[in-house]
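Raw query_7.tsv, TSV, C-alpha atoms and all ligand atoms:
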chain	number	residue	atom	x	y	z
A	1	MET	CA	18.45	-0.95	-4.32
A	2	ARG	CA	21.00	-0.28	-1.64
A	3	LEU	CA	22.06	3.12	-0.45
A	4	ASP	CA	25.76	3.03	0.32
A	5	LEU	CA	26.38	5.30	3.28
A	6	THR	CA	30.18	5.26	3.20
A	7	PRO	CA	30.67	8.03	0.60
A	8	LEU	CA	28.26	10.39	2.37
A	9	ARG	CA	30.20	13.19	4.01
A	10	GLN	CA	27.86	16.16	3.94
A	11	ALA	CA	25.09	16.89	6.40
A	12	GLU	CA	22.57	16.69	3.58
A	13	THR	CA	22.79	14.68	0.40
A	14	PRO	CA	20.01	14.58	-2.18
A	15	VAL	CA	19.34	11.18	-3.73
A	16	ASP	CA	17.21	10.70	-6.82
A	17	ARG	CA	16.70	7.30	-8.30
A	18	GLN	CA	14.45	5.61	-10.77
A	19	TYR	CA	13.67	1.92	-10.90
A	20	ALA	CA	11.96	-0.15	-13.55
A	21	PRO	CA	8.71	-1.82	-12.48
A	22	GLU	CA	10.32	-5.20	-13.23
A	23	ALA	CA	12.63	-4.63	-10.27
A	24	PHE	CA	9.57	-5.15	-8.06
A	25	ALA	CA	8.26	-8.14	-9.98
A	26	HIS	CA	8.86	-10.52	-7.09
A	27	ASP	CA	6.52	-8.56	-4.90
A	28	HIS	CA	3.35	-9.76	-3.32
A	29	GLU	CA	-0.04	-10.29	-4.87
A	30	ASP	CA	-1.63	-7.38	-2.97
A	31	PHE	CA	-0.35	-5.06	-5.66
A	32	ARG	CA	1.76	-4.91	-8.79
A	33	VAL	CA	4.12	-2.09	-9.72
A	34	VAL	CA	3.18	-1.05	-13.27
A	35	ALA	CA	5.10	2.20	-13.82
A	36	PRO	CA	8.67	3.40	-13.21
A	37	VAL	CA	9.31	4.07	-9.53
A	38	LEU	CA	10.65	7.54	-8.77
A	39	LEU	CA	12.46	7.83	-5.48
A	40	SER	CA	13.49	11.30	-4.38
A	41	LEU	CA	14.91	12.00	-0.95
A	42	VAL	CA	17.43	13.91	1.11
A	43	VAL	CA	19.74	12.02	3.40
A	44	HIS	CA	20.39	13.93	6.61
A	45	LYS	CA	23.54	12.71	8.28
A	46	ASP	CA	24.28	13.15	11.95
A	47	HIS	CA	27.40	11.13	12.68
A	48	GLU	CA	26.20	7.54	12.41
A	49	ARG	CA	22.55	8.43	12.41
A	50	TYR	CA	20.66	9.08	9.22
A	51	ARG	CA	17.30	10.54	8.45
A	52	LEU	CA	15.72	9.97	5.06
A	53	VAL	CA	13.07	12.49	4.08
A	54	GLY	CA	11.43	12.29	0.70
A	55	GLN	CA	8.83	10.72	-1.49
A	56	VAL	CA	8.33	7.59	-3.57
A	57	GLN	CA	6.04	7.77	-6.57
A	58	THR	CA	4.69	5.20	-9.00
A	59	THR	CA	1.51	3.54	-10.19
A	60	LEU	CA	0.34	0.36	-8.56
A	61	GLU	CA	-2.13	-2.09	-9.97
A	62	LEU	CA	-4.68	-3.23	-7.40
A	63	THR	CA	-7.64	-5.57	-7.57
A	64	CYS	CA	-11.05	-4.03	-7.00
A	65	SER	CA	-12.63	-5.55	-3.90
A	66	ARG	CA	-16.11	-5.39	-5.49
A	67	CYS	CA	-15.77	-6.34	-9.17
A	68	LEU	CA	-12.36	-8.08	-8.87
A	69	GLU	CA	-11.01	-6.23	-11.92
A	70	PRO	CA	-7.45	-4.83	-11.83
A	71	PHE	CA	-7.14	-1.05	-11.84
A	72	ALA	CA	-4.35	1.53	-11.80
A	73	TYR	CA	-3.72	3.32	-8.52
A	74	PRO	CA	-1.19	6.19	-8.66
A	75	VAL	CA	0.66	6.74	-5.41
A	76	ALA	CA	3.01	9.46	-4.15
A	77	VAL	CA	4.00	8.55	-0.63
A	78	PRO	CA	5.94	10.98	1.55
A	79	PHE	CA	8.18	9.52	4.24
A	80	ASP	CA	10.40	10.64	7.07
A	81	LEU	CA	12.46	7.77	8.42
A	82	ARG	CA	15.35	7.51	10.80
A	83	TYR	CA	18.09	4.92	10.73
A	84	PHE	CA	20.51	4.10	13.48
A	85	PRO	CA	23.45	1.74	13.15
A	86	GLU	CA	22.91	-1.83	14.28
A	87	GLY	CA	23.77	-2.24	17.93
A	88	ALA	CA	23.23	1.42	18.69
A	89	ASP	CA	21.34	2.33	21.80
A	90	LEU	CA	17.97	3.23	20.31
A	91	ALA	CA	16.13	3.93	23.50
A	92	PRO	CA	16.70	7.53	24.59
A	93	SER	CA	16.67	6.50	28.24
A	94	GLY	CA	18.94	3.54	27.55
A	95	GLY	CA	16.48	1.19	29.17
A	96	GLU	CA	15.43	-1.60	26.84
A	97	GLU	CA	18.06	-3.91	25.52
A	98	GLY	CA	18.02	-6.02	22.39
A	99	GLU	CA	15.43	-3.77	20.84
A	100	SER	CA	15.99	-3.58	17.11
A	101	ARG	CA	13.16	-1.25	16.23
A	102	VAL	CA	11.45	1.37	18.31
A	103	GLU	CA	8.55	3.64	17.54
A	104	ASP	CA	9.13	7.28	18.17
A	105	SER	CA	6.23	9.62	18.79
A	106	ASP	CA	6.07	10.61	15.12
A	107	THR	CA	8.87	9.03	13.11
A	108	SER	CA	9.83	5.39	13.06
A	109	VAL	CA	13.39	4.33	13.67
A	110	SER	CA	15.00	1.40	11.91
A	111	VAL	CA	18.47	-0.04	12.08
A	112	TYR	CA	20.94	-0.33	9.23
A	113	ARG	CA	23.89	-2.66	8.97
A	114	ASP	CA	27.01	-2.91	6.82
A	115	ASP	CA	26.94	0.84	6.11
A	116	GLU	CA	23.97	0.60	3.81
A	117	ILE	CA	20.24	1.19	3.83
A	118	ASP	CA	17.92	-1.13	1.96
A	119	LEU	CA	15.91	1.22	-0.25
A	120	GLY	CA	13.95	-1.70	-1.70
A	121	ALA	CA	12.54	-2.51	1.72
A	122	LEU	CA	11.87	1.19	2.33
A	123	MET	CA	9.85	1.58	-0.88
A	124	HIS	CA	8.03	-1.69	-0.36
A	125	GLU	CA	6.92	-0.58	3.08
A	126	GLN	CA	5.73	2.78	1.76
A	127	PHE	CA	3.68	1.06	-0.95
A	128	TYR	CA	1.97	-1.03	1.68
A	129	LEU	CA	1.22	2.04	3.77
A	130	ALA	CA	-0.36	3.66	0.70
A	131	LEU	CA	-2.76	0.78	-0.01
A	132	PRO	CA	-6.42	1.60	0.61
A	133	MET	CA	-8.28	-0.52	3.16
A	134	LYS	CA	-10.90	-1.41	0.59
A	135	PRO	CA	-9.60	-0.99	-2.96
A	136	LEU	CA	-12.26	0.16	-5.42
A	137	CYS	CA	-11.80	0.66	-9.17
A	138	ARG	CA	-14.20	3.60	-8.85
A	139	GLU	CA	-16.24	5.05	-6.04
A	140	ALA	CA	-19.51	3.84	-7.58
A	141	CYS	CA	-18.33	0.38	-8.62
A	142	LYS	CA	-21.44	-1.79	-9.01
A	143	GLY	CA	-19.54	-5.01	-8.36
A	144	LEU	CA	-20.55	-8.48	-9.46
A	145	CYS	CA	-24.03	-9.98	-9.59
A	146	ALA	CA	-24.37	-12.31	-6.63
A	147	GLN	CA	-26.32	-14.76	-8.77
A	148	CYS	CA	-24.59	-14.98	-12.17
A	149	GLY	CA	-21.27	-13.29	-11.38
A	150	ALA	CA	-21.55	-10.77	-14.23
A	151	ASN	CA	-19.62	-7.51	-13.88
A	152	LEU	CA	-22.46	-5.03	-13.43
A	153	ASN	CA	-20.21	-2.11	-14.46
A	154	GLU	CA	-20.24	-3.45	-18.00
A	155	ALA	CA	-23.94	-4.21	-18.39
A	156	PRO	CA	-26.89	-5.12	-16.22
A	157	CYS	CA	-27.52	-8.85	-16.17
A	158	GLN	CA	-30.86	-10.62	-16.63
A	159	CYS	CA	-31.10	-11.96	-13.08
A	160	VAL	CA	-34.26	-11.21	-11.10
A	161	PRO	CA	-33.34	-9.73	-7.71
A	162	GLU	CA	-33.87	-12.26	-4.95
A	163	TRP	CA	-36.32	-11.54	-2.17
A	164	SER	CA	-33.87	-11.57	0.65
A	165	ASP	CA	-35.35	-8.83	2.81
A	166	PRO	CA	-37.68	-10.43	5.39
A	167	ARG	CA	-39.96	-7.38	5.27
A	168	LEU	CA	-40.49	-8.07	1.58
A	169	ALA	CA	-41.08	-11.80	2.05
A	170	GLY	CA	-44.73	-11.14	2.92
A	171	LEU	CA	-45.14	-9.06	-0.20
A	172	LYS	CA	-43.60	-11.87	-2.20
A	173	SER	CA	-46.20	-14.37	-0.99
A	174	VAL	CA	-48.98	-11.90	-1.82
A	175	LEU	CA	-47.59	-11.51	-5.33
A	176	THR	CA	-47.22	-15.27	-5.72
A	177	GLU	CA	-50.81	-15.83	-4.60
A	178	ARG	CA	-52.04	-13.19	-7.00
A	179	LYS	CA	-50.17	-14.96	-9.80
A	180	HIS	CA	-51.95	-18.19	-8.90
A	181	ASP	CA	-55.30	-16.39	-8.96
A	182	ASP	CA	-54.58	-15.06	-12.43
A	183	ALA	CA	-53.78	-18.50	-13.75
B	201	ZN	ZN	-14.76	-2.43	-9.26
B	202	ZN	ZN	-26.85	-11.74	-12.64

Please render this file's structure as structure tokens.
Amino acid sequence: MRLDLTPLRQAETPVDRQYAPEAFAHDHEDFRVVAPVLLSLVVHKDHERYRLVGQVQTTLELTCSRCLEPFAYPVAVPFDLRYFPEGADLAPSGGEEGESRVEDSDTSVSVYRDDEIDLGALMHEQFYLALPMKPLCREACKGLCAQCGANLNEAPCQCVPEWSDPRLAGLKSVLTERKHDDA
């Protein structure tokens, strides 16, 4: 998943690649890549500086934060990234030294070494950026029953809701007393 920069001569070079999901099999447990990954970008070359503008597209498998079931999450993440050679002076003012990564106002700047850019790391980072804060299999996911653990999306369980609201606690005692009266 390396982009060899040495053959690039033109100012703009389109790059289109496809990777099998297995190529990402070593990835973290936050997500799983479950469809071919389509990477489409244009490499803008300005002497030793490169700018990669494009999109990475695939389907991730995430775990629902409510019902804990896996679900498919299609992503198409646009990116606009700049790469400077290792050791280049990244700071426009030339101030900070030893800085390997600086944040521009809108685009991030990374360094590349050995005349190649690690596209695997690029895609991995974009996937992480695309992850929702709170993954949900569906907007109205009912989640799991707090008492028996049943997935309430599949069927309601037989559990009686617990009286956890303090305002209802009084009502509960009234109902309990009434039950005793009936007996
Ligand atoms: Zn869910
Ligand atoms: Zn239950």

Check which residues fall inside 12 Å of ligand ZN 202 (chain B) when counting all atoms listed in the file, and print them as a list in words.
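If we count all atoms listed in the file, the neighbours of ligand ZN 202 (chain B) turn out to be Lys142, Gly143, Leu144, Cys145, Ala146, Gln147, Cys148, Gly149, Ala150, Asn151, Leu152, Asn153, Glu154, Ala155, Pro156, Cys157, Gln158, Cys159, Val160, Pro161 and Glu162 of chain A.
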
Region 3-12 of chain A: which residues within 6 Å, counting only C-alpha atoms, same-chain residues fewer than 4 positions away excluded, as a ChimeraX atom specification?
/A:43-45,115-117

Using only C-alpha atoms and all ligand atoms, which residues have at least one atom no more than 8 Å from ligand ZN 201 (chain B)? Output them as number ranges by chain.
A: 63-69, 136-138, 141-143, 153

Please, could you write that set of residues out with C-alpha atoms as a short mmCIF file (atom, residue, chain, number, x, y, z; two decimals), in the coordinates of the input?
data_model
loop_
_atom_site.label_atom_id
_atom_site.label_comp_id
_atom_site.auth_asym_id
_atom_site.auth_seq_id
_atom_site.Cartn_x
_atom_site.Cartn_y
_atom_site.Cartn_z
CA THR A 63 -7.64 -5.57 -7.57
CA CYS A 64 -11.05 -4.03 -7.00
CA SER A 65 -12.63 -5.55 -3.90
CA ARG A 66 -16.11 -5.39 -5.49
CA CYS A 67 -15.77 -6.34 -9.17
CA LEU A 68 -12.36 -8.08 -8.87
CA GLU A 69 -11.01 -6.23 -11.92
CA LEU A 136 -12.26 0.16 -5.42
CA CYS A 137 -11.80 0.66 -9.17
CA ARG A 138 -14.20 3.60 -8.85
CA CYS A 141 -18.33 0.38 -8.62
CA LYS A 142 -21.44 -1.79 -9.01
CA GLY A 143 -19.54 -5.01 -8.36
CA ASN A 153 -20.21 -2.11 -14.46
#

For each of A:Pro132, A:Pro21, A:Pro78, A:Gly87, take the minimum atom-to-atom distance to Thr58 (chain A), counting all atoms listed in the file, then give the residue where this is smallest.
A:Pro21

Measuring between all atoms listed in the file, which one of A:Tyr128, A:Val15, A:Val109, A:Ala140 shows the shortest distance to Phe31 (chain A)?
A:Tyr128

When you draw a straight line from CA of Ala20 (chain A) to CA of Val33 (chain A), how long is it in Å?
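That distance, rounded to one decimal, is 8.9 Å.
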
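Distances here use all atoms listed in the file; by that measure, the residue among A:His124, A:Glu86, A:Ser110, A:Ala23 closest to Gln57 (chain A) is A:His124.
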
Polymer residues at most 6 Å from region 46-54 of chain A, all atoms listed in the file, same-chain spacing of 4 or more positions, as an mmCIF file with C-alpha atoms, in the frame of the given file:
data_model
loop_
_atom_site.group_PDB
_atom_site.id
_atom_site.type_symbol
_atom_site.label_atom_id
_atom_site.label_comp_id
_atom_site.auth_asym_id
_atom_site.auth_seq_id
_atom_site.Cartn_x
_atom_site.Cartn_y
_atom_site.Cartn_z
ATOM 1 C CA SER A 40 13.490 11.300 -4.380
ATOM 2 C CA LEU A 41 14.910 12.000 -0.950
ATOM 3 C CA VAL A 42 17.430 13.910 1.110
ATOM 4 C CA PRO A 78 5.940 10.980 1.550
ATOM 5 C CA PHE A 79 8.180 9.520 4.240
ATOM 6 C CA ASP A 80 10.400 10.640 7.070
ATOM 7 C CA LEU A 81 12.460 7.770 8.420
ATOM 8 C CA ARG A 82 15.350 7.510 10.800
ATOM 9 C CA TYR A 83 18.090 4.920 10.730
ATOM 10 C CA PHE A 84 20.510 4.100 13.480
#

Correct to one decimal, the distance CA of Ala35 (chain A)-CA of Asp118 (chain A) is 20.6 Å

Proximity to Arg2 (chain A) - best of A:Phe127, A:Leu119, A:Thr59, A:Glu139, all atoms listed in the file
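Among the listed residues, A:Leu119 lies closest to Arg2 (chain A).
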
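Between CA of Met133 (chain A) and CA of Tyr19 (chain A) the interatomic distance comes to 26.2 Å.
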